[in-house]
Amino acid sequence: MLFADDILLVDKTREGVEGKLELWRPTLESKGFRLSRSKTEYMECNFSSNSPSEGIVTLGDQVINKSTRFRYLGSIVQSDGEIDGDIINRIQVGWLKWRNASGLLCDRNVPLKLKGKFYKMVVRPAMLYGAECWPLKEKHNTKLSVTEMRMLRWMSGFTLRDRIRNEHIREKVGVAPIEDKIRESRLRWFGHIKRRPSDDPVKRVEVLDLTYIKKGRGRPKKTWLENIRNDLSLLDLNENLTFNRTQWRKRIHVADPT
C-alpha cells in the first residue's frame with residue numbers, strides 16, 4: 001500500500017488535535033508512510049451561532065490549513081453542522097449518474113417501467129447515500145423532490161407545459177416519492193440503532209454530553225431525532241416496535257407503484 005486517505009482525528013481542543021497529529025506522524029513514518037503537510041487540513045466545529053475561536057493548528061513548525069467543510073467517506077461535513085453542502089453534492093452525483101445513462105433513459109423505445117427500474121437501481125441510491133442520517137429541513141426535501149421530478153419528466157418525455165400531474169408520472173415510471181424513501185431509510189436506521197447493545201459506539205452517541213456547547217440566538221437547529229419524532233407521529237409508530245425487526249420493516253416500507 002503506497003498511500004492512505006480519509007484518516008480523521010477528533011478532539012475537543014486545538015492542543016489535543018496537535019498532540020494527536022504529533023503522535024500520528026512518527027507512527028506513520030515508522031511504517032514507511034509520510035503525513036502530507038499540504039493536504040492535511042483541520043476544521044473547527046461550531047454548532048452554535050457564536051463566532052469561531054481564534055488560533056491555529058500546527059504540525060511541527062508548519063501551520064495546518066483551516067477548512068469550513070471537507071469530504072469524508074463520500075459525505076460533505078460542514079463546520080456549522082448544516083447539510084446544505086452534502087445535499088447539493090448528492091444531487092450533483094445523481095445528475096452525473098443520470099447523464100451517464102441518458103442514452104437509455106431518454107430513449108423513447110425503452111418502456112417507462114424499465115426506465116423506472118434503472119432509475120431506482122442506479123440514480124436514486126446515488127442521491128440518497130447517507131440520507132438516513134440527514135437532519136432534513138423542508139427546503140432540503142423540496143430541493144430533492146424537484147430534482148427527482150425533473151429527472152422523471154425528462155425520462156417520460158413530458159414537460160411542465162404538458163400539465164401532467166406528478167402523481168401520474170410516478171405511476172407511469174413506477175417510482176415512489178423520494179421524500180417517502182428517505183423517511184423509510186431514516187426509520188430503518190433508527191430501528192437498527194435501537195436494537196444495538198447499550199455499549200455499542202453508535203448507541204453511545206445518544207447519551208453524549210452536550211452541556212459544554214453554548215447555544216446561540218434564534219431557533220435551535222433541526223436535529224435528526226426531531227425528524228424521527230415527526231416520522232413516528234406521521235406513521236403512528238411506537239419505538240418499542242423496533243425490537244420486532246420483521247414488523248418494523250413491514251410498517252415503515254414504502255412500495256414503489258407497480
# chains A, B, ... in the order shown; residues from 1 in each chain; ligands from 1

$ select_by_dssp --residues "stretch 3-235 of chain A" --states "helix (DSSP H, G or I)" --output "CSV table (one decimal) with N, CA, C and O atoms, in the first residue's frame"
chain,number,residue,atom,x,y,z
A,14,ARG,N,-7.7,22.5,20.4
A,14,ARG,CA,-6.7,22.5,19.4
A,14,ARG,C,-5.4,21.8,19.9
A,14,ARG,O,-4.7,21.1,19.1
A,15,GLU,N,-5.1,22.0,21.2
A,15,GLU,CA,-3.9,21.3,21.8
A,15,GLU,C,-4.0,19.8,21.6
A,15,GLU,O,-3.1,19.1,21.4
A,16,GLY,N,-5.3,19.3,21.9
A,16,GLY,CA,-5.5,17.9,21.7
A,16,GLY,C,-5.3,17.4,20.3
A,16,GLY,O,-4.7,16.3,20.1
A,17,VAL,N,-5.7,18.2,19.3
A,17,VAL,CA,-5.5,17.8,17.9
A,17,VAL,C,-4.1,17.8,17.6
A,17,VAL,O,-3.6,16.9,16.9
A,18,GLU,N,-3.3,18.8,18.0
A,18,GLU,CA,-1.9,18.9,17.7
A,18,GLU,C,-1.2,17.7,18.4
A,18,GLU,O,-0.3,17.2,17.8
A,19,GLY,N,-1.6,17.4,19.6
A,19,GLY,CA,-0.9,16.2,20.2
A,19,GLY,C,-1.2,14.9,19.5
A,19,GLY,O,-0.2,14.1,19.3
A,20,LYS,N,-2.4,14.7,18.9
A,20,LYS,CA,-2.7,13.5,18.2
A,20,LYS,C,-1.9,13.5,16.8
A,20,LYS,O,-1.5,12.5,16.4
A,21,LEU,N,-1.8,14.7,16.2
A,21,LEU,CA,-1.0,14.8,15.0
A,21,LEU,C,0.4,14.4,15.2
A,21,LEU,O,1.1,13.7,14.4
A,22,GLU,N,1.0,14.9,16.3
A,22,GLU,CA,2.4,14.6,16.6
A,22,GLU,C,2.6,13.2,17.0
A,22,GLU,O,3.7,12.6,16.7
A,23,LEU,N,1.6,12.6,17.5
A,23,LEU,CA,1.7,11.1,17.8
A,23,LEU,C,1.5,10.3,16.5
A,23,LEU,O,2.1,9.3,16.4
A,24,TRP,N,0.6,10.8,15.7
A,24,TRP,CA,0.3,10.1,14.4
A,24,TRP,C,1.5,10.1,13.4
A,24,TRP,O,1.7,9.2,12.7
A,25,ARG,N,2.2,11.3,13.4
A,25,ARG,CA,3.3,11.5,12.4
A,25,ARG,C,4.4,10.4,12.6
A,25,ARG,O,4.7,9.7,11.6
A,26,PRO,N,5.0,10.3,13.8
A,26,PRO,CA,6.1,9.3,13.9
A,26,PRO,C,5.6,7.9,13.7
A,26,PRO,O,6.3,7.0,13.3
A,27,THR,N,4.3,7.6,14.1
A,27,THR,CA,3.7,6.3,13.9
A,27,THR,C,3.7,5.9,12.5
A,27,THR,O,4.0,4.8,12.1
A,28,LEU,N,3.2,6.9,11.6
A,28,LEU,CA,3.2,6.6,10.2
A,28,LEU,C,4.6,6.4,9.6
A,28,LEU,O,4.8,5.5,8.8
A,29,GLU,N,5.5,7.3,10.0
A,29,GLU,CA,6.8,7.3,9.5
A,29,GLU,C,7.5,6.0,9.8
A,29,GLU,O,8.4,5.5,9.1
A,30,SER,N,7.2,5.4,11.0
A,30,SER,CA,7.9,4.2,11.4
A,30,SER,C,7.4,3.0,10.5
A,30,SER,O,8.1,2.0,10.5
A,84,ASP,N,-26.4,21.5,3.9
A,84,ASP,CA,-26.6,22.0,2.6
A,84,ASP,C,-25.6,21.6,1.6
A,84,ASP,O,-26.0,21.2,0.4
A,85,GLY,N,-24.3,21.6,1.9
A,85,GLY,CA,-23.3,21.1,1.0
A,85,GLY,C,-23.4,19.7,0.6
A,85,GLY,O,-23.2,19.3,-0.5
A,86,ASP,N,-23.8,18.8,1.6
A,86,ASP,CA,-24.0,17.4,1.3
A,86,ASP,C,-25.2,17.2,0.4
A,86,ASP,O,-25.1,16.3,-0.5
A,87,ILE,N,-26.2,17.9,0.6
A,87,ILE,CA,-27.4,17.8,-0.2
A,87,ILE,C,-27.1,18.1,-1.7
A,87,ILE,O,-27.4,17.4,-2.6
A,88,ILE,N,-26.4,19.3,-1.9
A,88,ILE,CA,-26.0,19.7,-3.2
A,88,ILE,C,-25.1,18.7,-3.9
A,88,ILE,O,-25.2,18.4,-5.0
A,89,ASN,N,-24.2,18.2,-3.1
A,89,ASN,CA,-23.2,17.2,-3.6
A,89,ASN,C,-23.9,15.9,-4.1
A,89,ASN,O,-23.6,15.4,-5.1
A,90,ARG,N,-24.9,15.4,-3.3
A,90,ARG,CA,-25.6,14.2,-3.7
A,90,ARG,C,-26.5,14.4,-4.9
A,90,ARG,O,-26.6,13.5,-5.7
A,91,ILE,N,-27.1,15.6,-5.0
A,91,ILE,CA,-27.9,16.0,-6.2
A,91,ILE,C,-27.0,16.0,-7.4
A,91,ILE,O,-27.3,15.4,-8.5
A,92,GLN,N,-25.8,16.5,-7.3
A,92,GLN,CA,-24.8,16.6,-8.4
A,92,GLN,C,-24.4,15.2,-8.8
A,92,GLN,O,-24.3,14.8,-10.0
A,93,VAL,N,-24.2,14.3,-7.8
A,93,VAL,CA,-23.8,12.9,-8.1
A,93,VAL,C,-25.0,12.2,-8.8
A,93,VAL,O,-24.8,11.4,-9.7
A,94,GLY,N,-26.2,12.5,-8.4
A,94,GLY,CA,-27.4,11.9,-9.0
A,94,GLY,C,-27.5,12.3,-10.5
A,94,GLY,O,-27.8,11.4,-11.3
A,95,TRP,N,-27.3,13.6,-10.7
A,95,TRP,CA,-27.3,14.0,-12.1
A,95,TRP,C,-26.2,13.4,-13.0
A,95,TRP,O,-26.4,13.2,-14.2
A,96,LEU,N,-25.1,13.2,-12.3
A,96,LEU,CA,-23.9,12.6,-13.1
A,96,LEU,C,-24.3,11.2,-13.5
A,96,LEU,O,-24.1,10.8,-14.6
A,97,LYS,N,-24.9,10.4,-12.6
A,97,LYS,CA,-25.3,9.1,-12.9
A,97,LYS,C,-26.4,9.1,-14.0
A,97,LYS,O,-26.4,8.3,-14.9
A,98,TRP,N,-27.3,10.1,-13.9
A,98,TRP,CA,-28.4,10.2,-14.8
A,98,TRP,C,-27.9,10.5,-16.2
A,98,TRP,O,-28.3,9.9,-17.2
A,99,ARG,N,-27.0,11.4,-16.3
A,99,ARG,CA,-26.4,11.8,-17.6
A,99,ARG,C,-25.6,10.7,-18.2
A,99,ARG,O,-25.6,10.5,-19.5
A,100,ASN,N,-24.9,9.9,-17.4
A,100,ASN,CA,-24.2,8.8,-18.0
A,100,ASN,C,-25.1,7.7,-18.6
A,100,ASN,O,-24.7,7.0,-19.5
A,102,SER,N,-28.2,8.6,-19.9
A,102,SER,CA,-29.2,9.3,-20.6
A,102,SER,C,-29.5,8.7,-21.9
A,102,SER,O,-30.7,8.8,-22.4
A,103,GLY,N,-28.6,8.0,-22.5
A,103,GLY,CA,-28.9,7.3,-23.8
A,103,GLY,C,-30.0,6.3,-23.6
A,103,GLY,O,-30.8,6.1,-24.5
A,104,LEU,N,-30.1,5.6,-22.4
A,104,LEU,CA,-31.1,4.7,-22.1
A,104,LEU,C,-32.4,5.4,-21.6
A,104,LEU,O,-33.5,5.1,-22.0
A,105,LEU,N,-32.2,6.3,-20.7
A,105,LEU,CA,-33.3,7.0,-20.0
A,105,LEU,C,-34.1,7.9,-20.9
A,105,LEU,O,-35.3,8.1,-20.7
A,112,LEU,N,-41.3,2.7,-20.1
A,112,LEU,CA,-41.1,3.6,-18.9
A,112,LEU,C,-40.9,2.8,-17.7
A,112,LEU,O,-40.1,3.3,-16.8
A,113,LYS,N,-41.5,1.7,-17.5
A,113,LYS,CA,-41.3,0.9,-16.3
A,113,LYS,C,-39.8,0.4,-16.2
A,113,LYS,O,-39.2,0.4,-15.1
A,114,LEU,N,-39.2,0.1,-17.4
A,114,LEU,CA,-37.8,-0.3,-17.4
A,114,LEU,C,-36.9,0.9,-17.0
A,114,LEU,O,-35.9,0.7,-16.3
A,115,LYS,N,-37.3,2.0,-17.5
A,115,LYS,CA,-36.5,3.2,-17.1
A,115,LYS,C,-36.6,3.5,-15.6
A,115,LYS,O,-35.6,3.8,-15.0
A,116,GLY,N,-37.8,3.3,-15.1
A,116,GLY,CA,-38.0,3.5,-13.7
A,116,GLY,C,-37.2,2.5,-12.8
A,116,GLY,O,-36.6,2.9,-11.8
A,117,LYS,N,-37.1,1.3,-13.3
A,117,LYS,CA,-36.3,0.3,-12.6
A,117,LYS,C,-34.8,0.7,-12.6
A,117,LYS,O,-34.1,0.5,-11.6
A,118,PHE,N,-34.4,1.2,-13.7
A,118,PHE,CA,-33.0,1.6,-13.8
A,118,PHE,C,-32.7,2.8,-12.9
A,118,PHE,O,-31.7,2.8,-12.2
A,119,TYR,N,-33.7,3.7,-12.9
A,119,TYR,CA,-33.5,4.9,-12.0
A,119,TYR,C,-33.4,4.5,-10.5
A,119,TYR,O,-32.6,5.0,-9.8
A,120,LYS,N,-34.3,3.5,-10.1
A,120,LYS,CA,-34.3,3.0,-8.7
A,120,LYS,C,-33.1,2.3,-8.4
A,120,LYS,O,-32.7,2.2,-7.2
A,121,MET,N,-32.4,1.6,-9.4
A,121,MET,CA,-31.2,0.8,-9.1
A,121,MET,C,-29.9,1.6,-9.1
A,121,MET,O,-29.0,1.3,-8.4
A,122,VAL,N,-29.9,2.7,-9.9
A,122,VAL,CA,-28.6,3.4,-10.2
A,122,VAL,C,-28.7,4.9,-9.7
A,122,VAL,O,-27.8,5.3,-8.9
A,123,VAL,N,-29.7,5.6,-10.1
A,123,VAL,CA,-29.7,7.1,-9.8
A,123,VAL,C,-30.1,7.4,-8.4
A,123,VAL,O,-29.4,8.1,-7.7
A,124,ARG,N,-31.2,6.8,-8.0
A,124,ARG,CA,-31.7,7.2,-6.6
A,124,ARG,C,-30.8,6.8,-5.5
A,124,ARG,O,-30.6,7.6,-4.6
A,125,PRO,N,-30.2,5.6,-5.5
A,125,PRO,CA,-29.3,5.2,-4.4
A,125,PRO,C,-28.1,6.2,-4.4
A,125,PRO,O,-27.6,6.5,-3.3
A,126,ALA,N,-27.6,6.7,-5.5
A,126,ALA,CA,-26.5,7.7,-5.5
A,126,ALA,C,-26.9,9.0,-4.9
A,126,ALA,O,-26.1,9.6,-4.1
A,127,MET,N,-28.2,9.4,-5.1
A,127,MET,CA,-28.6,10.6,-4.5
A,127,MET,C,-28.9,10.5,-3.0
A,127,MET,O,-28.8,11.4,-2.2
A,131,ALA,N,-28.5,9.4,3.4
A,131,ALA,CA,-29.7,10.1,3.7
A,131,ALA,C,-30.3,9.7,5.0
A,131,ALA,O,-31.1,10.5,5.7
A,132,GLU,N,-30.0,8.5,5.5
A,132,GLU,CA,-30.6,8.0,6.8
A,132,GLU,C,-30.2,8.8,8.0
A,132,GLU,O,-30.8,8.8,9.0
A,133,CYS,N,-29.1,9.6,7.8
A,133,CYS,CA,-28.5,10.4,8.9
A,133,CYS,C,-28.7,11.9,8.7
A,133,CYS,O,-28.2,12.7,9.6
A,138,GLU,N,-37.4,21.4,5.5
A,138,GLU,CA,-38.4,21.3,4.4
A,138,GLU,C,-37.7,21.8,3.1
A,138,GLU,O,-38.1,21.3,2.0
A,139,LYS,N,-36.8,22.7,3.2
A,139,LYS,CA,-36.1,23.2,1.9
A,139,LYS,C,-35.3,22.1,1.3
A,139,LYS,O,-35.2,22.0,0.1
A,140,HIS,N,-34.7,21.2,2.1
A,140,HIS,CA,-34.0,20.1,1.6
A,140,HIS,C,-34.9,19.1,0.9
A,140,HIS,O,-34.6,18.6,-0.2
A,141,ASN,N,-36.0,18.8,1.5
A,141,ASN,CA,-37.0,17.9,0.9
A,141,ASN,C,-37.5,18.4,-0.4
A,141,ASN,O,-37.6,17.7,-1.4
A,142,THR,N,-37.8,19.7,-0.4
A,142,THR,CA,-38.2,20.4,-1.7
A,142,THR,C,-37.2,20.3,-2.8
A,142,THR,O,-37.5,20.0,-3.9
A,143,LYS,N,-35.9,20.5,-2.4
A,143,LYS,CA,-34.9,20.5,-3.4
A,143,LYS,C,-34.7,19.1,-4.0
A,143,LYS,O,-34.5,19.0,-5.2
A,144,LEU,N,-34.7,18.1,-3.2
A,144,LEU,CA,-34.6,16.7,-3.7
A,144,LEU,C,-35.8,16.3,-4.5
A,144,LEU,O,-35.6,15.6,-5.5
A,145,SER,N,-37.0,16.7,-4.1
A,145,SER,CA,-38.2,16.3,-4.8
A,145,SER,C,-38.2,17.0,-6.2
A,145,SER,O,-38.6,16.3,-7.2
A,146,VAL,N,-37.8,18.3,-6.2
A,146,VAL,CA,-37.8,19.0,-7.5
A,146,VAL,C,-36.8,18.3,-8.5
A,146,VAL,O,-37.1,18.1,-9.7
A,147,THR,N,-35.7,17.9,-7.9
A,147,THR,CA,-34.6,17.3,-8.7
A,147,THR,C,-35.2,15.9,-9.3
A,147,THR,O,-35.0,15.6,-10.5
A,148,GLU,N,-35.8,15.1,-8.4
A,148,GLU,CA,-36.3,13.9,-8.9
A,148,GLU,C,-37.4,14.0,-10.0
A,148,GLU,O,-37.4,13.3,-11.0
A,149,MET,N,-38.3,15.0,-9.8
A,149,MET,CA,-39.4,15.2,-10.8
A,149,MET,C,-38.8,15.7,-12.1
A,149,MET,O,-39.3,15.3,-13.1
A,150,ARG,N,-37.8,16.5,-12.1
A,150,ARG,CA,-37.1,16.9,-13.3
A,150,ARG,C,-36.6,15.7,-14.1
A,150,ARG,O,-36.8,15.5,-15.3
A,151,MET,N,-36.0,14.7,-13.3
A,151,MET,CA,-35.5,13.5,-14.0
A,151,MET,C,-36.6,12.7,-14.5
A,151,MET,O,-36.5,12.2,-15.7
A,152,LEU,N,-37.6,12.5,-13.7
A,152,LEU,CA,-38.7,11.6,-14.2
A,152,LEU,C,-39.5,12.2,-15.4
A,152,LEU,O,-39.9,11.5,-16.3
A,153,ARG,N,-39.7,13.5,-15.4
A,153,ARG,CA,-40.4,14.1,-16.5
A,153,ARG,C,-39.5,14.0,-17.8
A,153,ARG,O,-40.0,13.8,-18.9
A,154,TRP,N,-38.2,14.2,-17.6
A,154,TRP,CA,-37.3,14.1,-18.8
A,154,TRP,C,-37.3,12.7,-19.3
A,154,TRP,O,-37.4,12.4,-20.5
A,155,MET,N,-37.3,11.7,-18.4
A,155,MET,CA,-37.4,10.3,-18.8
A,155,MET,C,-38.7,10.0,-19.5
A,155,MET,O,-38.7,9.2,-20.5
A,156,SER,N,-39.8,10.6,-19.1
A,156,SER,CA,-41.1,10.3,-19.6
A,156,SER,C,-41.4,11.0,-20.9
A,156,SER,O,-42.4,10.7,-21.6
A,160,LEU,N,-43.4,20.7,-18.1
A,160,LEU,CA,-44.4,21.3,-17.3
A,160,LEU,C,-45.5,21.9,-18.2
A,160,LEU,O,-46.7,22.0,-17.7
A,161,ARG,N,-45.2,22.2,-19.4
A,161,ARG,CA,-46.3,22.7,-20.3
A,161,ARG,C,-47.3,21.6,-20.7
A,161,ARG,O,-48.5,22.0,-21.1
A,162,ASP,N,-47.0,20.4,-20.5
A,162,ASP,CA,-48.0,19.3,-20.8
A,162,ASP,C,-49.0,19.2,-19.7
A,162,ASP,O,-50.0,18.5,-19.9
A,166,ASN,N,-47.7,15.2,-11.2
A,166,ASN,CA,-46.5,14.4,-10.7
A,166,ASN,C,-46.9,13.0,-10.4
A,166,ASN,O,-46.2,12.1,-10.7
A,167,GLU,N,-48.1,12.8,-9.8
A,167,GLU,CA,-48.5,11.5,-9.4
A,167,GLU,C,-48.7,10.6,-10.6
A,167,GLU,O,-48.4,9.4,-10.5
A,168,HIS,N,-49.2,11.2,-11.7
A,168,HIS,CA,-49.5,10.4,-12.9
A,168,HIS,C,-48.2,10.0,-13.5
A,168,HIS,O,-48.0,8.8,-13.9
A,169,ILE,N,-47.2,10.8,-13.5
A,169,ILE,CA,-45.8,10.5,-14.0
A,169,ILE,C,-45.2,9.4,-13.1
A,169,ILE,O,-44.6,8.4,-13.6
A,170,ARG,N,-45.3,9.5,-11.8
A,170,ARG,CA,-44.8,8.5,-10.9
A,170,ARG,C,-45.4,7.1,-11.1
A,170,ARG,O,-44.7,6.1,-11.1
A,171,GLU,N,-46.7,7.1,-11.4
A,171,GLU,CA,-47.3,5.8,-11.7
A,171,GLU,C,-46.8,5.2,-13.0
A,171,GLU,O,-46.7,4.0,-13.1
A,172,LYS,N,-46.6,6.1,-14.0
A,172,LYS,CA,-46.1,5.6,-15.3
A,172,LYS,C,-44.7,4.9,-15.2
A,172,LYS,O,-44.5,3.9,-15.8
A,173,VAL,N,-43.8,5.5,-14.4
A,173,VAL,CA,-42.5,5.0,-14.3
A,173,VAL,C,-42.3,4.1,-13.1
A,173,VAL,O,-41.3,3.4,-13.0
A,178,ILE,N,-39.4,10.6,-3.4
A,178,ILE,CA,-38.1,10.4,-2.8
A,178,ILE,C,-38.2,10.8,-1.3
A,178,ILE,O,-37.4,10.3,-0.5
A,179,GLU,N,-39.1,11.7,-1.0
A,179,GLU,CA,-39.2,12.1,0.5
A,179,GLU,C,-39.7,10.9,1.3
A,179,GLU,O,-39.2,10.7,2.4
A,180,ASP,N,-40.6,10.0,0.7
A,180,ASP,CA,-41.0,8.8,1.4
A,180,ASP,C,-39.9,7.8,1.5
A,180,ASP,O,-39.8,7.1,2.6
A,181,LYS,N,-39.1,7.7,0.5
A,181,LYS,CA,-38.0,6.7,0.6
A,181,LYS,C,-36.9,7.2,1.6
A,181,LYS,O,-36.3,6.3,2.2
A,182,ILE,N,-36.7,8.5,1.7
A,182,ILE,CA,-35.8,9.0,2.7
A,182,ILE,C,-36.3,8.6,4.1
A,182,ILE,O,-35.6,8.2,5.0
A,183,ARG,N,-37.6,8.8,4.3
A,183,ARG,CA,-38.2,8.5,5.6
A,183,ARG,C,-38.1,7.0,5.9
A,183,ARG,O,-37.8,6.7,7.1
A,184,GLU,N,-38.2,6.2,4.9
A,184,GLU,CA,-38.1,4.8,5.1
A,184,GLU,C,-36.6,4.4,5.6
A,184,GLU,O,-36.4,3.7,6.5
A,185,SER,N,-35.7,5.0,4.9
A,185,SER,CA,-34.3,4.7,5.2
A,185,SER,C,-33.9,5.3,6.6
A,185,SER,O,-33.1,4.6,7.3
A,186,ARG,N,-34.5,6.4,6.9
A,186,ARG,CA,-34.2,7.0,8.2
A,186,ARG,C,-34.7,6.2,9.4
A,186,ARG,O,-34.1,5.9,10.4
A,187,LEU,N,-36.0,5.7,9.2
A,187,LEU,CA,-36.6,4.8,10.2
A,187,LEU,C,-35.9,3.5,10.3
A,187,LEU,O,-35.8,2.8,11.4
A,188,ARG,N,-35.5,3.0,9.2
A,188,ARG,CA,-34.7,1.7,9.2
A,188,ARG,C,-33.4,1.8,10.0
A,188,ARG,O,-33.1,0.9,10.7
A,189,TRP,N,-32.7,2.9,9.8
A,189,TRP,CA,-31.5,3.2,10.5
A,189,TRP,C,-31.8,3.4,12.0
A,189,TRP,O,-31.1,2.9,12.9
A,190,PHE,N,-32.9,4.1,12.3
A,190,PHE,CA,-33.4,4.2,13.7
A,190,PHE,C,-33.6,2.9,14.4
A,190,PHE,O,-33.2,2.7,15.5
A,191,GLY,N,-34.3,2.0,13.7
A,191,GLY,CA,-34.5,0.7,14.2
A,191,GLY,C,-33.2,-0.1,14.5
A,191,GLY,O,-33.1,-0.8,15.5
A,192,HIS,N,-32.3,0.1,13.6
A,192,HIS,CA,-31.0,-0.6,13.7
A,192,HIS,C,-30.3,-0.1,15.0
A,192,HIS,O,-29.7,-0.9,15.8
A,193,ILE,N,-30.4,1.2,15.2
A,193,ILE,CA,-29.7,1.8,16.4
A,193,ILE,C,-30.4,1.3,17.7
A,193,ILE,O,-29.7,1.0,18.7
A,194,LYS,N,-31.7,1.3,17.7
A,194,LYS,CA,-32.4,0.9,18.9
A,194,LYS,C,-32.2,-0.6,19.3
A,194,LYS,O,-32.2,-0.9,20.5
A,195,ARG,N,-31.9,-1.4,18.3
A,195,ARG,CA,-31.6,-2.8,18.6
A,195,ARG,C,-30.2,-3.1,19.0
A,195,ARG,O,-29.9,-4.2,19.4
A,201,PRO,N,-20.8,1.7,19.9
A,201,PRO,CA,-20.4,3.1,19.7
A,201,PRO,C,-21.6,3.9,19.1
A,201,PRO,O,-21.8,5.1,19.4
A,202,VAL,N,-22.4,3.3,18.2
A,202,VAL,CA,-23.4,4.1,17.5
A,202,VAL,C,-24.6,4.4,18.6
A,202,VAL,O,-25.3,5.3,18.4
A,203,LYS,N,-24.6,3.6,19.6
A,203,LYS,CA,-25.6,3.8,20.7
A,203,LYS,C,-25.2,4.8,21.6
A,203,LYS,O,-26.0,5.6,22.2
A,204,ARG,N,-23.9,4.9,21.9
A,204,ARG,CA,-23.4,5.9,22.9
A,204,ARG,C,-23.6,7.3,22.4
A,204,ARG,O,-23.5,8.2,23.2
A,205,VAL,N,-23.8,7.5,21.1
A,205,VAL,CA,-24.0,8.9,20.6
A,205,VAL,C,-25.2,9.5,21.2
A,205,VAL,O,-25.3,10.7,21.4
A,206,GLU,N,-26.2,8.7,21.6
A,206,GLU,CA,-27.5,9.2,22.1
A,206,GLU,C,-27.3,9.8,23.5
A,206,GLU,O,-28.1,10.7,23.9
A,207,VAL,N,-26.2,9.5,24.2
A,207,VAL,CA,-26.0,10.0,25.6
A,207,VAL,C,-24.8,10.9,25.7
A,207,VAL,O,-24.2,11.0,26.7
A,224,TRP,N,-31.7,15.3,13.9
A,224,TRP,CA,-32.2,14.1,13.3
A,224,TRP,C,-33.3,13.4,14.2
A,224,TRP,O,-34.2,12.9,13.6
A,225,LEU,N,-33.2,13.6,15.5
A,225,LEU,CA,-34.2,13.0,16.4
A,225,LEU,C,-35.5,13.7,16.2
A,225,LEU,O,-36.6,13.1,16.4
A,226,GLU,N,-35.5,15.0,15.9
A,226,GLU,CA,-36.7,15.7,15.6
A,226,GLU,C,-37.4,15.2,14.3
A,226,GLU,O,-38.6,15.0,14.3
A,227,ASN,N,-36.6,14.8,13.3
A,227,ASN,CA,-37.1,14.1,12.1
A,227,ASN,C,-37.8,12.8,12.5
A,227,ASN,O,-38.9,12.5,12.0
A,228,ILE,N,-37.1,12.1,13.4
A,228,ILE,CA,-37.6,10.8,13.8
A,228,ILE,C,-38.9,10.9,14.5
A,228,ILE,O,-39.9,10.1,14.3
A,229,ARG,N,-39.0,11.9,15.4
A,229,ARG,CA,-40.3,12.1,16.2
A,229,ARG,C,-41.4,12.4,15.2
A,229,ARG,O,-42.6,11.9,15.4
A,230,ASN,N,-41.1,13.2,14.2
A,230,ASN,CA,-42.1,13.6,13.2
A,230,ASN,C,-42.6,12.3,12.4
A,230,ASN,O,-43.7,12.1,12.1
A,231,ASP,N,-41.6,11.5,12.1
A,231,ASP,CA,-41.9,10.3,11.3
A,231,ASP,C,-42.7,9.3,12.1
A,231,ASP,O,-43.7,8.7,11.6
A,232,LEU,N,-42.4,9.1,13.4
A,232,LEU,CA,-43.2,8.2,14.2
A,232,LEU,C,-44.6,8.7,14.4
A,232,LEU,O,-45.5,7.9,14.4
A,233,SER,N,-44.8,10.1,14.5
A,233,SER,CA,-46.1,10.6,14.7
A,233,SER,C,-46.9,10.5,13.4
A,233,SER,O,-48.1,10.1,13.4
A,234,LEU,N,-46.2,10.7,12.2
A,234,LEU,CA,-46.9,10.6,10.9
A,234,LEU,C,-47.4,9.2,10.7
A,234,LEU,O,-48.5,9.0,10.1
A,235,LEU,N,-46.6,8.2,11.0
A,235,LEU,CA,-46.9,6.8,10.7
A,235,LEU,C,-47.6,6.1,11.9
A,235,LEU,O,-47.9,4.9,11.8

$ atom_distance --atom1 "atom CA of A:Thr223" --atom2 "atom CA of A:Pro135"
5.1 Å

$ atom_distance --atom1 "atom CA of A:Gly81" --atom2 "atom CA of A:Thr68"
10.1 Å

$ select_by_dssp --residues "stretch 45-250 of chain A" --states "strand (DSSP E)" --output "PyMOL selection string"
chain A and resi 58-59+62-63+65-66+69-72+75-78

$ write_last_selection --atoms "N, CA and C atoms" --output "short mmCIF file (atom, residue, chain, number, x, y, z; two decimals), in the first residue's frame"
data_model
loop_
_atom_site.label_atom_id
_atom_site.label_comp_id
_atom_site.auth_asym_id
_atom_site.auth_seq_id
_atom_site.Cartn_x
_atom_site.Cartn_y
_atom_site.Cartn_z
N THR A 58 -0.86 23.53 14.34
CA THR A 58 0.43 23.32 13.70
C THR A 58 0.83 21.86 13.74
N LEU A 59 1.64 21.49 12.77
CA LEU A 59 2.25 20.17 12.71
C LEU A 59 3.75 20.40 12.60
N GLN A 62 4.96 23.81 10.86
CA GLN A 62 4.12 24.20 9.75
C GLN A 62 2.68 24.39 10.21
N VAL A 63 2.05 25.48 9.74
CA VAL A 63 0.65 25.77 10.08
C VAL A 63 -0.27 24.97 9.16
N ASN A 65 -3.69 24.18 7.23
CA ASN A 65 -4.77 24.97 6.64
C ASN A 65 -6.10 24.67 7.32
N LYS A 66 -6.90 25.72 7.50
CA LYS A 66 -8.23 25.58 8.09
C LYS A 66 -9.29 25.49 7.00
N ARG A 69 -15.34 22.96 5.48
CA ARG A 69 -16.03 21.75 5.06
C ARG A 69 -15.01 20.78 4.47
N PHE A 70 -15.30 19.51 4.59
CA PHE A 70 -14.43 18.52 3.97
C PHE A 70 -15.23 17.27 3.66
N ARG A 71 -14.70 16.49 2.74
CA ARG A 71 -15.36 15.26 2.30
C ARG A 71 -14.79 14.09 3.09
N TYR A 72 -15.67 13.33 3.71
CA TYR A 72 -15.23 12.15 4.46
C TYR A 72 -16.12 10.97 4.08
N SER A 75 -19.25 11.80 2.03
CA SER A 75 -20.18 12.81 2.55
C SER A 75 -19.44 14.12 2.80
N ILE A 76 -20.19 15.23 2.71
CA ILE A 76 -19.64 16.55 2.98
C ILE A 76 -19.99 16.94 4.41
N VAL A 77 -18.96 17.20 5.22
CA VAL A 77 -19.15 17.61 6.61
C VAL A 77 -18.84 19.10 6.71
N GLN A 78 -19.76 19.88 7.29
CA GLN A 78 -19.59 21.31 7.42
C GLN A 78 -19.32 21.70 8.86
#

$ atom_distance --atom1 "atom CA of A:Glu82" --atom2 "atom CA of A:Tyr42"
17.3 Å

$ closest_residue --among "A:Gly60, A:Gly157, A:Gly32, A:Pro220" --to "A:Arg108" --atoms "only C-alpha atoms"
A:Gly157

$ closest_residue --among "A:Asp11, A:Asp199, A:Asp107, A:Asp256" --to "A:Ala176" --atoms "only C-alpha atoms"
A:Asp256

$ closest_residue --among "A:Phe243, A:Cys106, A:Val10, A:Met43" --to "A:Pro197" --atoms "only C-alpha atoms"
A:Phe243

$ closest_residue --among "A:Ile64, A:Ile83, A:Val254, A:Phe33" --to "A:Val175" --atoms "only C-alpha atoms"
A:Val254
